[in-house]
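Trainee: Supplied structure: data07.cif, mmCIF, C-alpha atoms.
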data_coords
#
loop_
_atom_site.group_PDB
_atom_site.id
_atom_site.type_symbol
_atom_site.label_atom_id
_atom_site.label_comp_id
_atom_site.auth_asym_id
_atom_site.auth_seq_id
_atom_site.Cartn_x
_atom_site.Cartn_y
_atom_site.Cartn_z
ATOM 1 C CA ALA A 32 0.000 0.000 0.000
ATOM 2 C CA PRO A 33 2.715 2.599 0.790
ATOM 3 C CA THR A 34 4.344 1.893 -2.582
ATOM 4 C CA LEU A 35 1.046 2.320 -4.423
ATOM 5 C CA TRP A 36 0.405 5.593 -2.581
ATOM 6 C CA GLN A 37 3.866 6.880 -3.497
ATOM 7 C CA GLN A 38 3.383 6.004 -7.180
ATOM 8 C CA TYR A 39 -0.089 7.579 -7.227
ATOM 9 C CA VAL A 40 1.220 10.839 -5.740
ATOM 10 C CA GLU A 41 4.247 10.916 -8.033
ATOM 11 C CA LEU A 42 2.124 10.321 -11.151
ATOM 12 C CA PHE A 43 -0.773 12.708 -10.577
ATOM 13 C CA GLY A 44 1.133 15.237 -8.494
ATOM 14 C CA GLY A 45 3.763 15.241 -11.236
ATOM 15 C CA LEU A 46 1.136 15.859 -13.930
ATOM 16 C CA ALA A 47 -0.374 18.724 -11.920
ATOM 17 C CA ARG A 48 3.066 20.286 -11.510
ATOM 18 C CA GLU A 49 4.113 19.714 -15.145
ATOM 19 C CA PHE A 50 1.016 21.421 -16.558
ATOM 20 C CA GLY A 51 0.538 23.958 -13.737
ATOM 21 C CA MET A 52 -3.059 22.951 -13.055
ATOM 22 C CA THR A 53 -5.337 21.608 -10.345
ATOM 23 C CA VAL A 54 -5.903 17.870 -10.789
ATOM 24 C CA VAL A 55 -8.673 15.775 -9.255
ATOM 25 C CA ALA A 56 -7.023 12.383 -9.632
ATOM 26 C CA PRO A 57 -9.030 9.219 -10.344
ATOM 27 C CA SER A 58 -10.162 7.229 -7.336
ATOM 28 C CA ALA A 59 -8.266 4.181 -6.119
ATOM 29 C CA TYR A 60 -8.039 1.899 -3.115
ATOM 30 C CA LEU A 61 -5.307 3.692 -1.195
ATOM 31 C CA PRO A 62 -4.051 4.136 2.376
ATOM 32 C CA ASP A 63 -5.818 7.164 3.821
ATOM 33 C CA PRO A 64 -3.167 9.818 4.611
ATOM 34 C CA LEU A 65 -4.998 10.533 7.887
ATOM 35 C CA ASP A 66 -4.655 7.075 9.437
ATOM 36 C CA GLY A 67 -3.228 4.618 6.870
ATOM 37 C CA VAL A 68 -6.489 2.619 6.584
ATOM 38 C CA ILE A 69 -7.272 1.436 3.047
ATOM 39 C CA ARG A 70 -10.189 3.426 1.638
ATOM 40 C CA HIS A 71 -11.723 4.236 -1.740
ATOM 41 C CA LEU A 72 -9.986 7.562 -2.076
ATOM 42 C CA VAL A 73 -9.794 10.590 -4.385
ATOM 43 C CA VAL A 74 -6.883 12.998 -3.992
ATOM 44 C CA VAL A 75 -6.750 16.591 -5.258
ATOM 45 C CA PHE A 76 -3.392 18.075 -6.294
ATOM 46 C CA GLY A 77 -2.518 21.749 -6.691
ATOM 47 C CA PRO A 78 -0.467 23.311 -9.525
ATOM 48 C CA ASP A 79 2.718 22.813 -7.502
ATOM 49 C CA GLY A 80 2.040 19.081 -7.243
ATOM 50 C CA GLU A 81 1.210 19.204 -3.545
ATOM 51 C CA VAL A 82 -1.758 17.342 -2.047
ATOM 52 C CA LEU A 83 -4.593 19.820 -1.336
ATOM 53 C CA GLY A 84 -6.921 17.270 0.199
ATOM 54 C CA SER A 85 -8.588 13.908 -0.193
ATOM 55 C CA GLN A 86 -12.074 12.446 0.005
ATOM 56 C CA ALA A 87 -12.827 8.866 1.030
ATOM 57 C CA LYS A 88 -15.994 7.163 -0.152
ATOM 58 C CA VAL A 89 -18.453 6.933 2.734
ATOM 59 C CA VAL A 90 -21.291 4.851 1.244
ATOM 60 C CA LEU A 91 -19.616 1.637 0.059
ATOM 61 C CA ASN A 92 -21.037 -0.866 -2.423
ATOM 62 C CA LYS A 93 -20.355 -4.611 -2.354
ATOM 63 C CA GLU A 94 -17.269 -4.363 -4.558
ATOM 64 C CA ASP A 95 -15.808 -1.631 -2.349
ATOM 65 C CA GLU A 96 -16.390 -3.704 0.783
ATOM 66 C CA ALA A 97 -14.067 -6.383 -0.567
ATOM 67 C CA PHE A 98 -11.175 -3.926 -0.728
ATOM 68 C CA CYS A 99 -11.542 -1.103 1.787
ATOM 69 C CA GLN A 100 -13.144 0.570 4.791
ATOM 70 C CA PRO A 101 -15.648 3.477 4.568
ATOM 71 C CA GLY A 102 -14.767 7.103 5.169
ATOM 72 C CA SER A 103 -16.507 9.055 7.913
ATOM 73 C CA THR A 104 -17.413 12.452 6.468
ATOM 74 C CA TRP A 105 -17.624 14.717 3.435
ATOM 75 C CA ASP A 106 -15.391 17.791 3.373
ATOM 76 C CA VAL A 107 -14.875 20.650 0.927
ATOM 77 C CA ILE A 108 -11.422 20.883 -0.654
ATOM 78 C CA HIS A 109 -10.322 24.442 -1.376
ATOM 79 C CA THR A 110 -8.342 25.038 -4.572
ATOM 80 C CA GLU A 111 -7.383 28.065 -6.639
ATOM 81 C CA VAL A 112 -10.067 27.051 -9.158
ATOM 82 C CA GLY A 113 -12.869 26.891 -6.626
ATOM 83 C CA ALA A 114 -14.115 25.039 -3.551
ATOM 84 C CA LEU A 115 -14.705 21.415 -4.556
ATOM 85 C CA GLY A 116 -16.970 18.757 -3.088
ATOM 86 C CA ILE A 117 -16.073 15.217 -4.191
ATOM 87 C CA MET A 118 -18.779 12.579 -4.646
ATOM 88 C CA LEU A 119 -17.918 8.950 -5.395
ATOM 89 C CA GLY A 120 -20.292 6.526 -7.071
ATOM 90 C CA GLY A 121 -23.616 6.200 -5.274
ATOM 91 C CA ASP A 122 -22.909 9.277 -3.107
ATOM 92 C CA VAL A 123 -24.686 11.299 -5.791
ATOM 93 C CA LEU A 124 -27.973 9.520 -5.035
ATOM 94 C CA TYR A 125 -28.188 10.967 -1.510
ATOM 95 C CA PRO A 126 -29.536 14.542 -1.362
ATOM 96 C CA GLU A 127 -27.964 14.977 2.062
ATOM 97 C CA VAL A 128 -24.432 14.601 0.656
ATOM 98 C CA GLY A 129 -24.877 17.420 -1.840
ATOM 99 C CA ARG A 130 -26.474 19.656 0.796
ATOM 100 C CA LEU A 131 -23.693 18.968 3.320
ATOM 101 C CA LEU A 132 -21.069 19.986 0.775
ATOM 102 C CA ALA A 133 -23.030 23.017 -0.420
ATOM 103 C CA PHE A 134 -23.543 24.364 3.100
ATOM 104 C CA GLN A 135 -19.817 23.909 3.817
ATOM 105 C CA GLY A 136 -19.113 26.326 0.964
ATOM 106 C CA ALA A 137 -18.641 24.071 -2.077
ATOM 107 C CA GLU A 138 -18.903 25.833 -5.434
ATOM 108 C CA ALA A 139 -18.567 22.736 -7.629
ATOM 109 C CA LEU A 140 -19.322 19.039 -7.216
ATOM 110 C CA ILE A 141 -16.887 16.574 -8.800
ATOM 111 C CA ALA A 142 -18.309 13.082 -9.274
ATOM 112 C CA GLN A 143 -16.547 9.891 -10.308
ATOM 113 C CA ALA A 144 -18.296 6.606 -11.045
ATOM 114 C CA ALA A 145 -17.980 3.208 -12.700
ATOM 115 C CA CYS A 146 -21.221 1.827 -14.175
ATOM 116 C CA ALA A 147 -21.548 -1.696 -15.521
ATOM 117 C CA ASN A 148 -24.891 -1.149 -17.281
ATOM 118 C CA GLN A 149 -27.027 1.555 -18.858
ATOM 119 C CA ALA A 150 -29.571 1.656 -16.034
ATOM 120 C CA HIS A 151 -26.899 2.300 -13.403
ATOM 121 C CA TYR A 152 -25.310 5.017 -15.533
ATOM 122 C CA ASN A 153 -28.649 6.762 -16.160
ATOM 123 C CA LYS A 154 -29.427 6.697 -12.444
ATOM 124 C CA LEU A 155 -26.092 8.219 -11.416
ATOM 125 C CA ARG A 156 -26.248 10.840 -14.168
ATOM 126 C CA ALA A 157 -29.681 11.887 -12.936
ATOM 127 C CA GLY A 158 -28.307 11.974 -9.398
ATOM 128 C CA ILE A 159 -25.435 14.355 -10.072
ATOM 129 C CA LEU A 160 -27.707 16.610 -12.131
ATOM 130 C CA ALA A 161 -30.162 16.720 -9.236
ATOM 131 C CA ARG A 162 -27.498 17.434 -6.586
ATOM 132 C CA MET A 163 -26.129 20.233 -8.787
ATOM 133 C CA GLN A 164 -29.524 21.839 -9.321
ATOM 134 C CA ASP A 165 -30.684 21.221 -5.723
ATOM 135 C CA ASN A 166 -27.789 23.294 -4.451
ATOM 136 C CA GLN A 167 -27.137 25.658 -7.389
ATOM 137 C CA LEU A 168 -23.554 24.508 -7.938
ATOM 138 C CA PHE A 169 -21.354 23.668 -10.889
ATOM 139 C CA ALA A 170 -20.604 19.971 -11.438
ATOM 140 C CA ALA A 171 -18.412 17.656 -13.455
ATOM 141 C CA CYS A 172 -18.678 13.880 -13.654
ATOM 142 C CA ALA A 173 -16.102 11.409 -14.929
ATOM 143 C CA PHE A 174 -17.324 7.914 -15.802
ATOM 144 C CA LEU A 175 -14.821 5.081 -16.108
ATOM 145 C CA VAL A 176 -15.102 3.292 -19.469
ATOM 146 C CA GLY A 177 -13.612 -0.023 -20.555
ATOM 147 C CA ARG A 178 -13.045 -3.471 -19.078
ATOM 148 C CA ASN A 179 -13.131 -4.087 -15.326
ATOM 149 C CA VAL A 180 -9.471 -4.915 -14.648
ATOM 150 C CA LEU A 181 -10.072 -5.628 -10.946
ATOM 151 C CA ARG A 182 -11.929 -8.833 -11.853
ATOM 152 C CA PRO A 183 -10.351 -10.195 -15.070
ATOM 153 C CA PRO A 184 -12.426 -13.426 -15.319
ATOM 154 C CA GLU A 185 -15.623 -11.394 -15.526
ATOM 155 C CA GLU A 186 -16.503 -9.654 -18.773
ATOM 156 C CA THR A 187 -17.743 -6.489 -17.097
ATOM 157 C CA VAL A 188 -17.404 -3.405 -19.278
ATOM 158 C CA TYR A 189 -17.898 0.009 -17.715
ATOM 159 C CA LEU A 190 -19.779 2.698 -19.621
ATOM 160 C CA GLY A 191 -20.949 6.289 -19.262
ATOM 161 C CA LYS A 192 -20.796 9.741 -20.781
ATOM 162 C CA SER A 193 -18.559 12.087 -18.816
ATOM 163 C CA ALA A 194 -19.874 15.644 -18.697
ATOM 164 C CA ILE A 195 -19.545 19.176 -17.337
ATOM 165 C CA PHE A 196 -22.707 20.662 -15.851
ATOM 166 C CA ALA A 197 -23.984 24.010 -14.562
ATOM 167 C CA PRO A 198 -27.291 25.123 -13.024
ATOM 168 C CA GLN A 199 -30.002 25.106 -15.670
ATOM 169 C CA GLU A 200 -30.274 28.896 -15.599
ATOM 170 C CA LEU A 201 -26.595 29.141 -16.665
ATOM 171 C CA THR A 202 -26.661 26.709 -19.608
ATOM 172 C CA PRO A 203 -27.566 27.573 -23.232
ATOM 173 C CA ARG A 204 -30.413 25.051 -23.485
ATOM 174 C CA PHE A 205 -31.494 25.383 -19.841
ATOM 175 C CA ASN A 206 -30.913 21.646 -19.338
ATOM 176 C CA GLY A 207 -27.918 21.807 -16.999
ATOM 177 C CA VAL A 208 -25.450 20.474 -19.588
ATOM 178 C CA LEU A 209 -22.485 22.528 -20.811
ATOM 179 C CA VAL A 210 -20.721 19.691 -22.648
ATOM 180 C CA GLU A 211 -21.001 15.900 -22.659
ATOM 181 C CA MET A 212 -19.351 12.951 -24.379
ATOM 182 C CA GLY A 213 -21.139 11.781 -27.519
ATOM 183 C CA ASN A 214 -21.307 8.091 -26.551
ATOM 184 C CA THR A 215 -20.956 5.843 -23.513
ATOM 185 C CA THR A 216 -17.889 3.823 -24.503
ATOM 186 C CA SER A 217 -15.219 6.307 -25.619
ATOM 187 C CA GLU A 218 -12.597 8.176 -23.645
ATOM 188 C CA GLY A 219 -12.231 11.867 -24.410
ATOM 189 C CA VAL A 220 -11.298 15.339 -23.218
ATOM 190 C CA LEU A 221 -14.036 17.855 -22.374
ATOM 191 C CA THR A 222 -13.692 21.568 -21.670
ATOM 192 C CA ALA A 223 -16.143 24.244 -20.545
ATOM 193 C CA GLU A 224 -16.029 27.530 -18.665
ATOM 194 C CA TRP A 225 -17.552 28.075 -15.238
ATOM 195 C CA ASN A 226 -18.391 31.696 -14.427
ATOM 196 C CA PHE A 227 -18.290 31.975 -10.636
ATOM 197 C CA VAL A 228 -19.516 35.580 -10.697
ATOM 198 C CA ASP A 229 -22.691 34.444 -12.460
ATOM 199 C CA LEU A 230 -23.025 31.572 -9.982
ATOM 200 C CA LYS A 231 -22.912 33.876 -6.944
ATOM 201 C CA GLU A 232 -25.411 36.203 -8.629
ATOM 202 C CA LEU A 233 -27.724 33.219 -9.160
ATOM 203 C CA TRP A 234 -27.559 32.469 -5.438
ATOM 204 C CA GLU A 235 -28.848 35.968 -4.710
ATOM 205 C CA LYS A 236 -31.313 36.608 -7.534
ATOM 206 C CA SER A 237 -32.759 33.173 -8.327
ATOM 207 C CA ASP A 238 -36.474 32.622 -7.792
ATOM 208 C CA THR A 239 -35.361 29.867 -5.380
ATOM 209 C CA PRO A 240 -32.486 31.368 -3.333
ATOM 210 C CA ILE A 241 -32.019 28.265 -1.168
ATOM 211 C CA ARG A 242 -29.248 29.769 0.943
ATOM 212 C CA ARG A 243 -31.603 32.473 2.209
ATOM 213 C CA ARG A 244 -35.086 30.975 2.054
ATOM 214 C CA LEU A 245 -34.574 27.427 3.268
ATOM 215 C CA PRO A 246 -36.285 27.314 6.701
ATOM 216 C CA VAL A 247 -33.249 25.847 8.427
ATOM 217 C CA ASN A 248 -34.660 25.842 11.967
ATOM 218 C CA GLN A 249 -37.704 23.813 10.937
ATOM 219 C CA ALA A 250 -35.634 21.524 8.714
ATOM 220 C CA ASN A 251 -33.166 20.852 11.546
ATOM 221 C CA GLN A 252 -35.907 19.649 13.878
ATOM 222 C CA LEU A 253 -37.845 17.626 11.320
ATOM 223 C CA LEU A 254 -34.809 15.919 9.792
ATOM 224 C CA THR A 255 -33.311 15.131 13.188
ATOM 225 C CA ASN A 256 -36.518 13.397 14.266
ATOM 226 C CA LEU A 257 -36.898 11.520 10.967
ATOM 227 C CA TYR A 258 -33.295 10.310 10.915
ATOM 228 C CA ARG A 259 -33.444 9.272 14.559
#
Could you write out this file's structure as structure tokens?

Mentor:
Amino acid sequence: APTLWQQYVELFGGLAREFGMTVVAPSAYLPDPLDGVIRHLVVVFGPDGEVLGSQAKVVLNKEDEAFCQPGSTWDVIHTEVGALGIMLGGDVLYPEVGRLLAFQGAEALIAQAACANQAHYNKLRAGILARMQDNQLFAACAFLVGRNVLRPPEETVYLGKSAIFAPQELTPRFNGVLVEMGNTTSEGVLTAEWNFVDLKELWEKSDTPIRRRLPVNQANQLLTNLYR
């Protein structure tokens, strides 16, 4: 595990440094830098190649459980290109995760997922779109495509269309999509521009300014009782 961690940091930290950019590296089963426990982890690197933060997957699926332990919380990672909230796999299907990140100051949600069938992909795509719109944030999702190399005997092929999203009010067709891959099986490079000034203006002038109108006191009491 320590060797894998070192190679991961050297590879993606080196790429961030070489190109002078912030890199959200792909997830892997890695020793958590906080305690050394193996978790399903995403690491964010700054333009100097240094680690800015990491996010461990909290809600594990059956495949994850064979390799790692769950994380304990969701935290915002601050970078020079915005405050990022990382969501792994099925995290995007829980409204609470998006709200936790939004109310901690996230400006963009970054989702990563591996889907073995069309139904799973469609569900996760709908989830990240909903979490983005629920909280009026930018979002980007990267779907793994290709053969499942963790289980060679099985002919599992991952699919999905990676995309860059923005609140519906800030997209040309008012559908939340800025750019998206053309098919579910090809790798590619996507680019789009996020205007953070427009985003902050949306928070203030939208017909649903959730940061000001959400009745937090009532929600606190009701949700606490329901979850208990």

Trainee: Report, in Å to a single decimal, how far apart atom CA of Val73 of chain A and atom CA of Val89 of chain A are.

Mentor: 11.8 Å

Trainee: Using all atoms listed in the file, I'd like a table of the residues in segment 59-114 of chain A that come within 10 Å of segment 134-155 of chain A; for each, show the closest atom pair and its distance in Å rounded to one decimal, ordered by chain and ascending number, as CSV.

Mentor:
residue,atom,partner,partner_atom,distance
A:Val73,CA,A:Gln143,CA,9.0
A:Trp105,CA,A:Gln135,CA,9.5
A:Asp106,CA,A:Gln135,CA,7.6
A:Val107,CA,A:Ala137,CA,5.9
A:Ile108,CA,A:Ala137,CA,8.0
A:His109,CA,A:Ala137,CA,8.4
A:Val112,CA,A:Ala139,CA,9.7
A:Gly113,CA,A:Glu138,CA,6.2
A:Ala114,CA,A:Ala137,CA,4.9

Trainee: Just the number, please: distance in Å from atom CA of Phe227 of chain A to atom CA of Pro126 of chain A, one decimal.

Mentor: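 For atom CA of Phe227 of chain A relative to atom CA of Pro126 of chain A, the distance reads 22.7 Å.
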
Trainee: Which distance in Å separates atom CA of Leu42 of chain A and atom CA of Asp95 of chain A, to one decimal?

Mentor: 23.3 Å

Trainee: Using 8 Å of padding on each side, determine the axis-aligned box around all atoms of segment 149-155 of chain A present in the file and give its centre and edge lengths in Å to one decimal, as JSON.

Mentor:
{"center_x": -27.4, "center_y": 4.9, "center_z": -15.1, "size_x": 20.3, "size_y": 22.7, "size_z": 23.4}

Trainee: I'd like to see the residues matched by the PyMOL selection byres ((chain A and resi 201-212) around 12) on this file, and ideally I'd get them as a CSV table (one decimal) with C-alpha atoms, in the frame of the given file.

Mentor:
chain,number,residue,atom,x,y,z
A,156,ARG,CA,-26.2,10.8,-14.2
A,157,ALA,CA,-29.7,11.9,-12.9
A,159,ILE,CA,-25.4,14.4,-10.1
A,160,LEU,CA,-27.7,16.6,-12.1
A,161,ALA,CA,-30.2,16.7,-9.2
A,162,ARG,CA,-27.5,17.4,-6.6
A,163,MET,CA,-26.1,20.2,-8.8
A,164,GLN,CA,-29.5,21.8,-9.3
A,165,ASP,CA,-30.7,21.2,-5.7
A,167,GLN,CA,-27.1,25.7,-7.4
A,168,LEU,CA,-23.6,24.5,-7.9
A,169,PHE,CA,-21.4,23.7,-10.9
A,170,ALA,CA,-20.6,20.0,-11.4
A,171,ALA,CA,-18.4,17.7,-13.5
A,172,CYS,CA,-18.7,13.9,-13.7
A,173,ALA,CA,-16.1,11.4,-14.9
A,174,PHE,CA,-17.3,7.9,-15.8
A,176,VAL,CA,-15.1,3.3,-19.5
A,190,LEU,CA,-19.8,2.7,-19.6
A,191,GLY,CA,-20.9,6.3,-19.3
A,192,LYS,CA,-20.8,9.7,-20.8
A,193,SER,CA,-18.6,12.1,-18.8
A,194,ALA,CA,-19.9,15.6,-18.7
A,195,ILE,CA,-19.5,19.2,-17.3
A,196,PHE,CA,-22.7,20.7,-15.9
A,197,ALA,CA,-24.0,24.0,-14.6
A,198,PRO,CA,-27.3,25.1,-13.0
A,199,GLN,CA,-30.0,25.1,-15.7
A,200,GLU,CA,-30.3,28.9,-15.6
A,213,GLY,CA,-21.1,11.8,-27.5
A,214,ASN,CA,-21.3,8.1,-26.6
A,215,THR,CA,-21.0,5.8,-23.5
A,216,THR,CA,-17.9,3.8,-24.5
A,217,SER,CA,-15.2,6.3,-25.6
A,218,GLU,CA,-12.6,8.2,-23.6
A,219,GLY,CA,-12.2,11.9,-24.4
A,220,VAL,CA,-11.3,15.3,-23.2
A,221,LEU,CA,-14.0,17.9,-22.4
A,222,THR,CA,-13.7,21.6,-21.7
A,223,ALA,CA,-16.1,24.2,-20.5
A,224,GLU,CA,-16.0,27.5,-18.7
A,225,TRP,CA,-17.6,28.1,-15.2
A,226,ASN,CA,-18.4,31.7,-14.4
A,227,PHE,CA,-18.3,32.0,-10.6
A,228,VAL,CA,-19.5,35.6,-10.7
A,229,ASP,CA,-22.7,34.4,-12.5
A,230,LEU,CA,-23.0,31.6,-10.0
A,231,LYS,CA,-22.9,33.9,-6.9
A,232,GLU,CA,-25.4,36.2,-8.6
A,233,LEU,CA,-27.7,33.2,-9.2
A,234,TRP,CA,-27.6,32.5,-5.4
A,237,SER,CA,-32.8,33.2,-8.3

Trainee: Please, which residues are within 8 Å of (-13.0, 1.2, -3.0) by the file's coordinates, counting only C-alpha atoms, and could they come as a ChimeraX atom specification?

Mentor: /A:58-60,70-72,88,91,94-96,98-100
